[in-house]
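Printed here is data30.pdb (PDB, C-alpha atoms):
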ATOM      1  CA  MET A   1      -0.064 -38.579  14.644
ATOM      2  CA  GLY A   2       1.664 -38.059  17.985
ATOM      3  CA  THR A   3       0.175 -36.981  21.299
ATOM      4  CA  ARG A   4       1.579 -35.562  24.530
ATOM      5  CA  ILE A   5       0.268 -36.223  28.048
ATOM      6  CA  LEU A   6       1.462 -34.354  31.127
ATOM      7  CA  HIS A   7       1.153 -36.510  34.256
ATOM      8  CA  VAL A   8       1.038 -34.827  37.661
ATOM      9  CA  SER A   9       0.216 -36.483  40.962
ATOM     10  CA  ASP A  10      -0.082 -35.837  44.679
ATOM     11  CA  LEU A  11      -0.561 -32.064  44.618
ATOM     12  CA  HIS A  12      -1.752 -32.104  48.272
ATOM     13  CA  VAL A  13      -3.428 -28.722  47.945
ATOM     14  CA  GLY A  14      -3.940 -27.415  51.463
ATOM     15  CA  ALA A  15      -0.606 -28.635  52.779
ATOM     16  CA  GLY A  16       1.634 -25.975  51.246
ATOM     17  CA  GLU A  17       1.735 -22.709  49.358
ATOM     18  CA  LEU A  18      -0.766 -22.782  46.513
ATOM     19  CA  PRO A  19       0.782 -19.873  44.532
ATOM     20  CA  ALA A  20       4.001 -21.876  44.208
ATOM     21  CA  SER A  21       2.112 -24.837  42.725
ATOM     22  CA  GLU A  22       0.265 -22.533  40.329
ATOM     23  CA  THR A  23       3.541 -21.121  39.052
ATOM     24  CA  MET A  24       5.132 -24.549  38.745
ATOM     25  CA  LEU A  25       2.251 -26.059  36.785
ATOM     26  CA  ALA A  26       1.674 -23.073  34.514
ATOM     27  CA  THR A  27       5.372 -23.006  33.642
ATOM     28  CA  LEU A  28       5.432 -26.736  32.945
ATOM     29  CA  VAL A  29       2.338 -26.650  30.722
ATOM     30  CA  GLU A  30       3.811 -23.756  28.730
ATOM     31  CA  ARG A  31       7.079 -25.666  28.373
ATOM     32  CA  THR A  32       5.589 -29.024  27.338
ATOM     33  CA  GLY A  33       2.394 -28.121  25.441
ATOM     34  CA  PRO A  34       0.394 -31.250  26.384
ATOM     35  CA  ASP A  35      -2.787 -32.376  24.660
ATOM     36  CA  LEU A  36      -4.077 -33.638  28.014
ATOM     37  CA  VAL A  37      -3.162 -33.273  31.681
ATOM     38  CA  VAL A  38      -3.787 -36.304  33.895
ATOM     39  CA  ALA A  39      -3.825 -35.922  37.681
ATOM     40  CA  SER A  40      -3.498 -39.258  39.449
ATOM     41  CA  GLY A  41      -4.980 -38.471  42.835
ATOM     42  CA  ASP A  42      -4.227 -36.781  46.139
ATOM     43  CA  LEU A  43      -5.229 -33.479  44.619
ATOM     44  CA  THR A  44      -5.998 -32.322  48.167
ATOM     45  CA  HIS A  45      -4.400 -32.945  51.542
ATOM     46  CA  ARG A  46      -7.462 -33.571  53.708
ATOM     47  CA  GLY A  47     -10.348 -33.763  51.236
ATOM     48  CA  ARG A  48     -11.960 -30.554  52.515
ATOM     49  CA  PRO A  49     -14.383 -28.561  50.306
ATOM     50  CA  GLY A  50     -12.095 -25.548  50.052
ATOM     51  CA  GLN A  51      -9.126 -27.713  49.134
ATOM     52  CA  HIS A  52     -11.115 -29.469  46.398
ATOM     53  CA  ALA A  53     -12.262 -26.122  44.991
ATOM     54  CA  ALA A  54      -8.712 -24.772  44.962
ATOM     55  CA  ALA A  55      -7.274 -27.921  43.359
ATOM     56  CA  ALA A  56      -9.925 -27.936  40.625
ATOM     57  CA  ALA A  57      -9.383 -24.240  39.900
ATOM     58  CA  LEU A  58      -5.632 -24.805  39.697
ATOM     59  CA  LEU A  59      -5.859 -27.731  37.269
ATOM     60  CA  LEU A  60      -8.731 -26.486  35.116
ATOM     61  CA  GLY A  61      -7.089 -23.081  34.822
ATOM     62  CA  LEU A  62      -4.064 -24.540  33.047
ATOM     63  CA  GLY A  63      -5.747 -24.581  29.625
ATOM     64  CA  PRO A  64      -5.545 -28.176  28.306
ATOM     65  CA  PRO A  65      -8.247 -30.737  29.117
ATOM     66  CA  VAL A  66      -7.767 -32.443  32.480
ATOM     67  CA  LEU A  67      -8.581 -36.006  33.550
ATOM     68  CA  ALA A  68      -8.450 -36.502  37.319
ATOM     69  CA  VAL A  69      -8.940 -39.510  39.582
ATOM     70  CA  PRO A  70      -9.145 -39.506  43.390
ATOM     71  CA  GLY A  71      -6.414 -40.475  45.816
ATOM     72  CA  ASN A  72      -6.660 -41.605  49.405
ATOM     73  CA  HIS A  73      -6.258 -37.992  50.594
ATOM     74  CA  ASP A  74      -9.221 -36.820  48.492
ATOM     75  CA  ILE A  75     -11.891 -38.301  50.741
ATOM     76  CA  PRO A  76     -12.988 -36.928  54.131
ATOM     77  CA  TYR A  77     -10.420 -37.480  56.834
ATOM     78  CA  THR A  78     -12.995 -38.080  59.573
ATOM     79  CA  PHE A  79     -16.076 -40.219  60.081
ATOM     80  CA  PRO A  80     -18.952 -40.574  59.282
ATOM     81  CA  ALA A  81     -18.441 -38.663  56.014
ATOM     82  CA  ARG A  82     -15.452 -40.835  55.100
ATOM     83  CA  ILE A  83     -17.789 -43.818  54.710
ATOM     84  CA  ALA A  84     -21.181 -42.188  54.119
ATOM     85  CA  SER A  85     -20.189 -39.780  51.332
ATOM     86  CA  PRO A  86     -16.514 -40.272  50.402
ATOM     87  CA  TRP A  87     -16.748 -38.966  46.824
ATOM     88  CA  ARG A  88     -19.134 -36.028  47.243
ATOM     89  CA  GLU A  89     -16.579 -33.215  47.087
ATOM     90  CA  PHE A  90     -14.473 -34.869  44.393
ATOM     91  CA  GLU A  91     -17.515 -35.448  42.179
ATOM     92  CA  ARG A  92     -18.730 -31.897  42.777
ATOM     93  CA  HIS A  93     -15.800 -30.693  40.668
ATOM     94  CA  TRP A  94     -14.951 -33.700  38.468
ATOM     95  CA  ALA A  95     -18.402 -35.354  38.022
ATOM     96  CA  THR A  96     -17.088 -38.907  38.302
ATOM     97  CA  THR A  97     -14.325 -40.952  39.908
ATOM     98  CA  GLU A  98     -14.037 -43.064  36.734
ATOM     99  CA  PRO A  99     -13.563 -40.523  33.904
ATOM    100  CA  VAL A 100     -12.875 -41.232  30.237
ATOM    101  CA  HIS A 101     -11.177 -38.962  27.701
ATOM    102  CA  ALA A 102     -11.784 -40.375  24.227
ATOM    103  CA  THR A 103     -10.623 -39.069  20.848
ATOM    104  CA  GLN A 104      -9.546 -40.783  17.647
ATOM    105  CA  VAL A 105      -5.892 -40.660  18.746
ATOM    106  CA  LEU A 106      -6.021 -40.770  22.567
ATOM    107  CA  HIS A 107      -8.191 -42.923  24.832
ATOM    108  CA  VAL A 108      -7.628 -42.418  28.574
ATOM    109  CA  VAL A 109      -9.591 -44.302  31.219
ATOM    110  CA  GLY A 110      -9.590 -43.328  34.882
ATOM    111  CA  ALA A 111      -9.911 -45.911  37.663
ATOM    112  CA  ASN A 112     -10.788 -45.343  41.322
ATOM    113  CA  SER A 113      -8.389 -47.392  43.454
ATOM    114  CA  VAL A 114      -9.250 -45.749  46.797
ATOM    115  CA  ARG A 115     -10.808 -47.786  49.613
ATOM    116  CA  PRO A 116     -12.428 -45.462  52.187
ATOM    117  CA  TRP A 117     -12.015 -47.988  55.001
ATOM    118  CA  ARG A 118      -8.240 -48.117  54.435
ATOM    119  CA  HIS A 119      -5.917 -45.201  55.040
ATOM    120  CA  GLN A 120      -3.236 -46.032  52.473
ATOM    121  CA  SER A 121      -3.638 -49.224  50.463
ATOM    122  CA  GLY A 122      -5.657 -49.406  47.263
ATOM    123  CA  ALA A 123      -7.426 -51.951  45.088
ATOM    124  CA  LEU A 124      -9.673 -52.425  42.078
ATOM    125  CA  GLY A 125     -12.529 -54.805  42.843
ATOM    126  CA  GLU A 126     -13.704 -57.226  40.197
ATOM    127  CA  ASP A 127     -16.610 -55.038  39.067
ATOM    128  CA  ALA A 128     -14.416 -51.938  38.827
ATOM    129  CA  LEU A 129     -11.689 -53.818  36.981
ATOM    130  CA  ALA A 130     -14.211 -55.217  34.512
ATOM    131  CA  ARG A 131     -15.567 -51.704  33.827
ATOM    132  CA  VAL A 132     -12.090 -50.279  33.280
ATOM    133  CA  ALA A 133     -11.035 -53.151  30.999
ATOM    134  CA  ALA A 134     -14.212 -52.789  28.920
ATOM    135  CA  ARG A 135     -13.664 -49.048  28.541
ATOM    136  CA  VAL A 136     -10.049 -49.559  27.494
ATOM    137  CA  ALA A 137     -11.106 -52.106  24.881
ATOM    138  CA  ASP A 138     -13.682 -49.615  23.521
ATOM    139  CA  ALA A 139     -11.004 -47.275  22.142
ATOM    140  CA  ALA A 140     -10.979 -46.124  18.539
ATOM    141  CA  PRO A 141      -8.734 -48.240  16.283
ATOM    142  CA  GLY A 142      -5.113 -47.149  16.636
ATOM    143  CA  ALA A 143      -5.755 -44.808  19.561
ATOM    144  CA  VAL A 144      -3.235 -44.703  22.404
ATOM    145  CA  ARG A 145      -4.847 -46.507  25.355
ATOM    146  CA  VAL A 146      -3.966 -45.223  28.822
ATOM    147  CA  VAL A 147      -5.196 -46.153  32.309
ATOM    148  CA  VAL A 148      -4.863 -43.701  35.205
ATOM    149  CA  LEU A 149      -5.208 -44.622  38.891
ATOM    150  CA  HIS A 150      -3.747 -43.395  42.156
ATOM    151  CA  HIS A 151      -2.040 -46.419  43.694
ATOM    152  CA  GLN A 152       1.184 -47.614  42.127
ATOM    153  CA  LEU A 153       1.675 -50.888  40.282
ATOM    154  CA  ILE A 154       5.440 -50.467  40.498
ATOM    155  CA  GLY A 155       7.529 -48.463  42.942
ATOM    156  CA  ALA A 156      11.024 -47.217  43.558
ATOM    157  CA  PRO A 157      12.960 -49.943  45.409
ATOM    158  CA  TRP A 158      13.923 -47.596  48.236
ATOM    159  CA  ARG A 159      10.307 -46.689  49.062
ATOM    160  CA  THR A 160       8.635 -49.915  50.158
ATOM    161  CA  ARG A 161       6.399 -48.882  53.064
ATOM    162  CA  LYS A 162       3.444 -48.002  50.859
ATOM    163  CA  ARG A 163       1.992 -51.166  49.415
ATOM    164  CA  PRO A 164       1.297 -51.360  45.687
ATOM    165  CA  LEU A 165      -2.166 -51.918  44.293
ATOM    166  CA  ALA A 166      -3.697 -55.154  45.577
ATOM    167  CA  ARG A 167      -3.603 -58.054  43.083
ATOM    168  CA  ARG A 168      -1.442 -55.905  40.835
ATOM    169  CA  GLY A 169      -0.367 -58.866  38.702
ATOM    170  CA  ASP A 170      -3.965 -59.742  37.883
ATOM    171  CA  VAL A 171      -4.833 -56.101  37.247
ATOM    172  CA  LEU A 172      -1.851 -55.629  34.950
ATOM    173  CA  ALA A 173      -2.686 -58.760  32.961
ATOM    174  CA  ARG A 174      -6.345 -57.783  32.547
ATOM    175  CA  LEU A 175      -5.517 -54.267  31.405
ATOM    176  CA  ALA A 176      -2.845 -55.534  29.029
ATOM    177  CA  ASP A 177      -5.308 -58.017  27.536
ATOM    178  CA  ALA A 178      -7.765 -55.147  27.068
ATOM    179  CA  GLY A 179      -5.150 -53.313  24.993
ATOM    180  CA  ALA A 180      -3.619 -50.792  27.403
ATOM    181  CA  ASP A 181      -0.389 -49.210  26.136
ATOM    182  CA  LEU A 182       0.386 -47.235  29.296
ATOM    183  CA  ILE A 183      -0.700 -47.499  32.954
ATOM    184  CA  VAL A 184       0.119 -44.591  35.278
ATOM    185  CA  GLY A 185      -0.202 -43.866  38.993
ATOM    186  CA  GLY A 186       1.334 -41.964  41.883
ATOM    187  CA  HIS A 187       0.919 -42.274  45.669
ATOM    188  CA  ILE A 188       4.540 -42.893  46.713
ATOM    189  CA  HIS A 189       6.054 -39.495  45.777
ATOM    190  CA  GLN A 190       8.798 -41.258  43.855
ATOM    191  CA  ALA A 191       9.205 -41.595  40.081
ATOM    192  CA  THR A 192       9.797 -44.906  38.393
ATOM    193  CA  VAL A 193       9.154 -46.143  34.863
ATOM    194  CA  SER A 194       9.331 -49.654  33.480
ATOM    195  CA  GLU A 195       7.998 -51.943  30.802
ATOM    196  CA  ARG A 196       6.099 -55.076  31.636
ATOM    197  CA  ARG A 197       8.744 -57.327  30.136
ATOM    198  CA  GLU A 198      11.329 -55.862  32.518
ATOM    199  CA  PHE A 199       9.638 -57.243  35.624
ATOM    200  CA  GLU A 200       7.256 -59.992  34.506
ATOM    201  CA  VAL A 201       8.123 -63.127  32.557
ATOM    202  CA  LEU A 202       5.792 -63.328  29.562
ATOM    203  CA  ALA A 203       5.105 -66.330  27.390
ATOM    204  CA  GLY A 204       4.209 -66.402  23.728
ATOM    205  CA  GLY A 205       2.819 -63.223  22.237
ATOM    206  CA  ALA A 206       1.710 -61.525  25.475
ATOM    207  CA  ARG A 207       1.648 -57.747  25.195
ATOM    208  CA  GLY A 208       4.103 -55.423  26.837
ATOM    209  CA  VAL A 209       2.786 -52.357  28.665
ATOM    210  CA  VAL A 210       4.656 -49.307  29.936
ATOM    211  CA  VAL A 211       3.969 -48.723  33.644
ATOM    212  CA  ALA A 212       4.862 -45.412  35.286
ATOM    213  CA  THR A 213       4.653 -43.851  38.733
ATOM    214  CA  ALA A 214       4.876 -40.073  38.939
ATOM    215  CA  PRO A 215       6.788 -38.137  41.576
ATOM    216  CA  GLY A 216       4.668 -35.939  43.822
ATOM    217  CA  LEU A 217       4.098 -32.350  42.867
ATOM    218  CA  GLY A 218       3.295 -31.310  46.421
ATOM    219  CA  ARG A 219       5.505 -31.941  49.459
ATOM    220  CA  PRO A 220       3.268 -32.295  52.513
ATOM    221  CA  ARG A 221       6.297 -33.520  54.474
ATOM    222  CA  PRO A 222       9.071 -31.261  53.130
ATOM    223  CA  HIS A 223      11.749 -32.685  55.391
ATOM    224  CA  ARG A 224      11.303 -36.267  54.206
ATOM    225  CA  ARG A 225      14.471 -37.283  52.409
ATOM    226  CA  GLY A 226      14.441 -38.121  48.721
ATOM    227  CA  GLU A 227      11.165 -36.596  47.552
ATOM    228  CA  ALA A 228      11.672 -34.406  44.516
ATOM    229  CA  ARG A 229       8.802 -32.280  43.231
ATOM    230  CA  GLY A 230       8.263 -33.436  39.683
ATOM    231  CA  ALA A 231       6.086 -34.656  36.842
ATOM    232  CA  LEU A 232       6.192 -36.989  33.842
ATOM    233  CA  LEU A 233       5.611 -36.152  30.185
ATOM    234  CA  TYR A 234       4.556 -38.910  27.782
ATOM    235  CA  SER A 235       5.192 -38.306  24.082
ATOM    236  CA  ILE A 236       3.561 -41.075  22.079
ATOM    237  CA  ASP A 237       3.426 -41.819  18.371
ATOM    238  CA  ASP A 238       2.647 -44.884  16.285
ATOM    239  CA  THR A 239       5.816 -46.721  17.278
ATOM    240  CA  THR A 240       7.227 -45.208  20.479
ATOM    241  CA  ILE A 241       6.296 -44.194  24.022
ATOM    242  CA  ARG A 242       8.782 -41.643  25.330
ATOM    243  CA  VAL A 243       8.742 -40.790  29.051
ATOM    244  CA  GLU A 244      10.515 -37.661  30.309
ATOM    245  CA  THR A 245      10.952 -37.023  34.037
ATOM    246  CA  SER A 246      11.241 -33.400  35.120
ATOM    247  CA  ILE A 247      11.846 -32.013  38.596
ATOM    248  CA  TRP A 248      11.461 -28.534  40.083
ATOM    249  CA  ARG A 249      14.605 -27.166  41.673
ATOM    250  CA  ASP A 250      16.091 -23.720  42.158
ATOM    251  CA  GLY A 251      12.927 -22.120  40.827
ATOM    252  CA  ALA A 252      12.894 -23.883  37.452
ATOM    253  CA  TRP A 253      12.082 -27.179  35.765
ATOM    254  CA  SER A 254      14.882 -29.545  34.793
ATOM    255  CA  ALA A 255      14.545 -32.675  32.658
ATOM    256  CA  VAL A 256      16.516 -35.336  34.512
ATOM    257  CA  ALA A 257      15.707 -38.599  32.726
ATOM    258  CA  THR A 258      14.235 -39.912  29.474
ATOM    259  CA  ARG A 259      13.249 -43.446  28.517
ATOM    260  CA  GLU A 260      11.846 -44.766  25.244
ATOM    261  CA  PHE A 261       9.811 -47.926  24.712
ATOM    262  CA  SER A 262       8.497 -49.622  21.597
ATOM    263  CA  ARG A 263       4.748 -49.421  21.332
TER
END
In structure tokens, what does this structure look like?
Amino acid sequence: MGTRILHVSDLHVGAGELPASETMLATLVERTGPDLVVASGDLTHRGRPGQHAAAAALLLGLGPPVLAVPGNHDIPYTFPARIASPWREFERHWATTEPVHATQVLHVVGANSVRPWRHQSGALGEDALARVAARVADAAPGAVRVVVLHHQLIGAPWRTRKRPLARRGDVLARLADAGADLIVGGHIHQATVSERREFEVLAGGARGVVVATAPGLGRPRPHRRGEARGALLYSIDDTTIRVETSIWRDGAWSAVATREFSR
């Protein structure tokens, strides 16, 4: 049985016109018919209560179930709240920063890669990584196993200023060993998709994993060159992971790239 996941990231609600984002997302959900929507962080622009409420209403109003994880913009911008209560507003709407969506065919685990004391860079500490790996391994037999976090494990080669997830090689290996089929993130507002064997030399029977970074849906800096507004759709069956990149231009969605990987 196949499943479809719509992956959106970096909405930055509060930095642009919300009605435009509502139209874009509603149109895309109607077009793709996903079983689950995953939102990989930066739902808001400054982590303010009103922005969190608007982002949650936007995503939860789409119809399909939603799994959301925080991004570095989803915590308070100023101190002391940034350190004292970084997750309060996010958890008010999403209950947890480490969600799990588990069915017999789809098992999605959210990870919180945000570090409140850092503005941009992200990491998964040993305890967090162990929790995520254990939850991935707990999937039903044959279920598609997906990990969602904000910070990218891979990035477009022309966007190098934002550092990838700390210790990304170790994280990738641990999640692959736990059985992950797909690892997805955002953060850099650029789309890129690869398979582990394309960028890491593997010995013996080590597992391949598809790794994807979604383009941003919001454009908090609209004049920055090379940032399309887009999303990724994953269509997964017993043998194949298909990744379709769509961008919003001229008032409509256009599919601009498709890649297929053996599962």
Exercise: residues within 9 Å of coordinate (10.6, -40.0, 40.1), counting all atoms listed in the file, as a PyMOL selection string: chain A and resi 156+189-193+213-216+227-232+245-247
Would you pick out the contacts of Ile75 in chain A at 8 Å or less, using all atoms listed in the file, so that residues sharing its chain but fewer than 3 positions from it are not included, and give the list as a list of chain:residue names?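 Final neighbour list, sorted by chain and number: A:Arg46, A:Gly47, A:Arg48, A:Pro70, A:Gly71, A:Asn72, A:Arg82, A:Pro86, A:Trp87, A:Glu89, A:Phe90, A:Pro116.
Distance check against Val243 in chain A using all atoms listed in the file: of A:Ala134, A:Ile154, A:Val13, A:Leu6, the minimum falls on A:Leu6.
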Pairwise distance for CA of Gln51 in chain A and CA of Val114 in chain A, rounded to one decimal in Å: 18.2 Å
Can you tell me which residues surround Pro65 in chain A at a distance of at most 12 Å, considering only C-alpha atoms, apart from same-chain residues fewer than 6 positions away, and format the answer as an MDAnalysis selection string? chainID A and resid 4:6 29 33:39 56 59 94 100:103 108
Export C-alpha atoms of the chosen residues as a PDB file, in the coordinates of the input?
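Written out: out_27.pdb:
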ATOM      1  CA  ARG A   4       1.579 -35.562  24.530  1.00  0.00           C
ATOM      2  CA  ILE A   5       0.268 -36.223  28.048  1.00  0.00           C
ATOM      3  CA  LEU A   6       1.462 -34.354  31.127  1.00  0.00           C
ATOM      4  CA  VAL A  29       2.338 -26.650  30.722  1.00  0.00           C
ATOM      5  CA  GLY A  33       2.394 -28.121  25.441  1.00  0.00           C
ATOM      6  CA  PRO A  34       0.394 -31.250  26.384  1.00  0.00           C
ATOM      7  CA  ASP A  35      -2.787 -32.376  24.660  1.00  0.00           C
ATOM      8  CA  LEU A  36      -4.077 -33.638  28.014  1.00  0.00           C
ATOM      9  CA  VAL A  37      -3.162 -33.273  31.681  1.00  0.00           C
ATOM     10  CA  VAL A  38      -3.787 -36.304  33.895  1.00  0.00           C
ATOM     11  CA  ALA A  39      -3.825 -35.922  37.681  1.00  0.00           C
ATOM     12  CA  ALA A  56      -9.925 -27.936  40.625  1.00  0.00           C
ATOM     13  CA  LEU A  59      -5.859 -27.731  37.269  1.00  0.00           C
ATOM     14  CA  TRP A  94     -14.951 -33.700  38.468  1.00  0.00           C
ATOM     15  CA  VAL A 100     -12.875 -41.232  30.237  1.00  0.00           C
ATOM     16  CA  HIS A 101     -11.177 -38.962  27.701  1.00  0.00           C
ATOM     17  CA  ALA A 102     -11.784 -40.375  24.227  1.00  0.00           C
ATOM     18  CA  THR A 103     -10.623 -39.069  20.848  1.00  0.00           C
ATOM     19  CA  VAL A 108      -7.628 -42.418  28.574  1.00  0.00           C
TER      20      VAL A 108
END
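Taking CA of Val136 in chain A and CA of Thr258 in chain A as endpoints, the distance between them is 26.2 Å.
Minimum atom-to-atom distances from A:Pro64, A:Arg219, A:Val148, A:Val69 to Trp248 in chain A were compared using all atoms listed in the file, and the lowest value belongs to A:Arg219.
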Distance in Å - CA of Arg221 in chain A versus CA of Arg92 in chain A: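 Between CA of Arg221 in chain A and CA of Arg92 in chain A the gap works out to 27.7 Å.
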Between A:Gly185, A:Gly142, A:Gly16, A:Gly204, which residue has the minimum interatomic distance to His107 in chain A, considering all atoms listed in the file? A:Gly142
Closest of A:Val132, A:Ile83, A:Leu28, A:Leu165 to Ser254 in chain A - atom-to-atom distances counting only C-alpha atoms: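 The shortest atom-to-atom distance to Ser254 in chain A comes from A:Leu28.
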Residue nearest Ala137 in chain A - candidates A:Leu11, A:Leu202, A:Ala180, A:Val210, atoms counted: only C-alpha atoms: A:Ala180
Tell me, as an NGL selection string, which residues lie within 12 Å of Ala130 in chain A, counting all atoms listed in the file; anything in the same chain fewer than 3 positions away does not count. :A and (111 or 124-127 or 133-137 or 170-171 or 174-175 or 177-178)
I need the residues from that last selection saved to file as a PDB file, in the coordinates of the input (with C-alpha atoms), if you can.
ATOM      1  CA  ALA A 111      -9.911 -45.911  37.663  1.00  0.00           C
ATOM      2  CA  LEU A 124      -9.673 -52.425  42.078  1.00  0.00           C
ATOM      3  CA  GLY A 125     -12.529 -54.805  42.843  1.00  0.00           C
ATOM      4  CA  GLU A 126     -13.704 -57.226  40.197  1.00  0.00           C
ATOM      5  CA  ASP A 127     -16.610 -55.038  39.067  1.00  0.00           C
ATOM      6  CA  ALA A 133     -11.035 -53.151  30.999  1.00  0.00           C
ATOM      7  CA  ALA A 134     -14.212 -52.789  28.920  1.00  0.00           C
ATOM      8  CA  ARG A 135     -13.664 -49.048  28.541  1.00  0.00           C
ATOM      9  CA  VAL A 136     -10.049 -49.559  27.494  1.00  0.00           C
ATOM     10  CA  ALA A 137     -11.106 -52.106  24.881  1.00  0.00           C
ATOM     11  CA  ASP A 170      -3.965 -59.742  37.883  1.00  0.00           C
ATOM     12  CA  VAL A 171      -4.833 -56.101  37.247  1.00  0.00           C
ATOM     13  CA  ARG A 174      -6.345 -57.783  32.547  1.00  0.00           C
ATOM     14  CA  LEU A 175      -5.517 -54.267  31.405  1.00  0.00           C
ATOM     15  CA  ASP A 177      -5.308 -58.017  27.536  1.00  0.00           C
ATOM     16  CA  ALA A 178      -7.765 -55.147  27.068  1.00  0.00           C
TER      17      ALA A 178
END
Could you list, as a list of chain:residue names, every residue matched by the PyMOL selection byres ((chain A and resi 211) around 6) in this structure?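 In the shown coordinates, the PyMOL selection byres ((chain A and resi 211) around 6) covers A:Leu182, A:Ile183, A:Val184, A:Val193, A:Ser194, A:Glu195, A:Val210, A:Ala212.
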May I have the residues from that selection written out with C-alpha atoms, as a PDB file, keeping the file's coordinate frame?
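Result file follows (part29.pdb):
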ATOM      1  CA  LEU A 182       0.386 -47.235  29.296  1.00  0.00           C
ATOM      2  CA  ILE A 183      -0.700 -47.499  32.954  1.00  0.00           C
ATOM      3  CA  VAL A 184       0.119 -44.591  35.278  1.00  0.00           C
ATOM      4  CA  VAL A 193       9.154 -46.143  34.863  1.00  0.00           C
ATOM      5  CA  SER A 194       9.331 -49.654  33.480  1.00  0.00           C
ATOM      6  CA  GLU A 195       7.998 -51.943  30.802  1.00  0.00           C
ATOM      7  CA  VAL A 210       4.656 -49.307  29.936  1.00  0.00           C
ATOM      8  CA  ALA A 212       4.862 -45.412  35.286  1.00  0.00           C
TER       9      ALA A 212
END
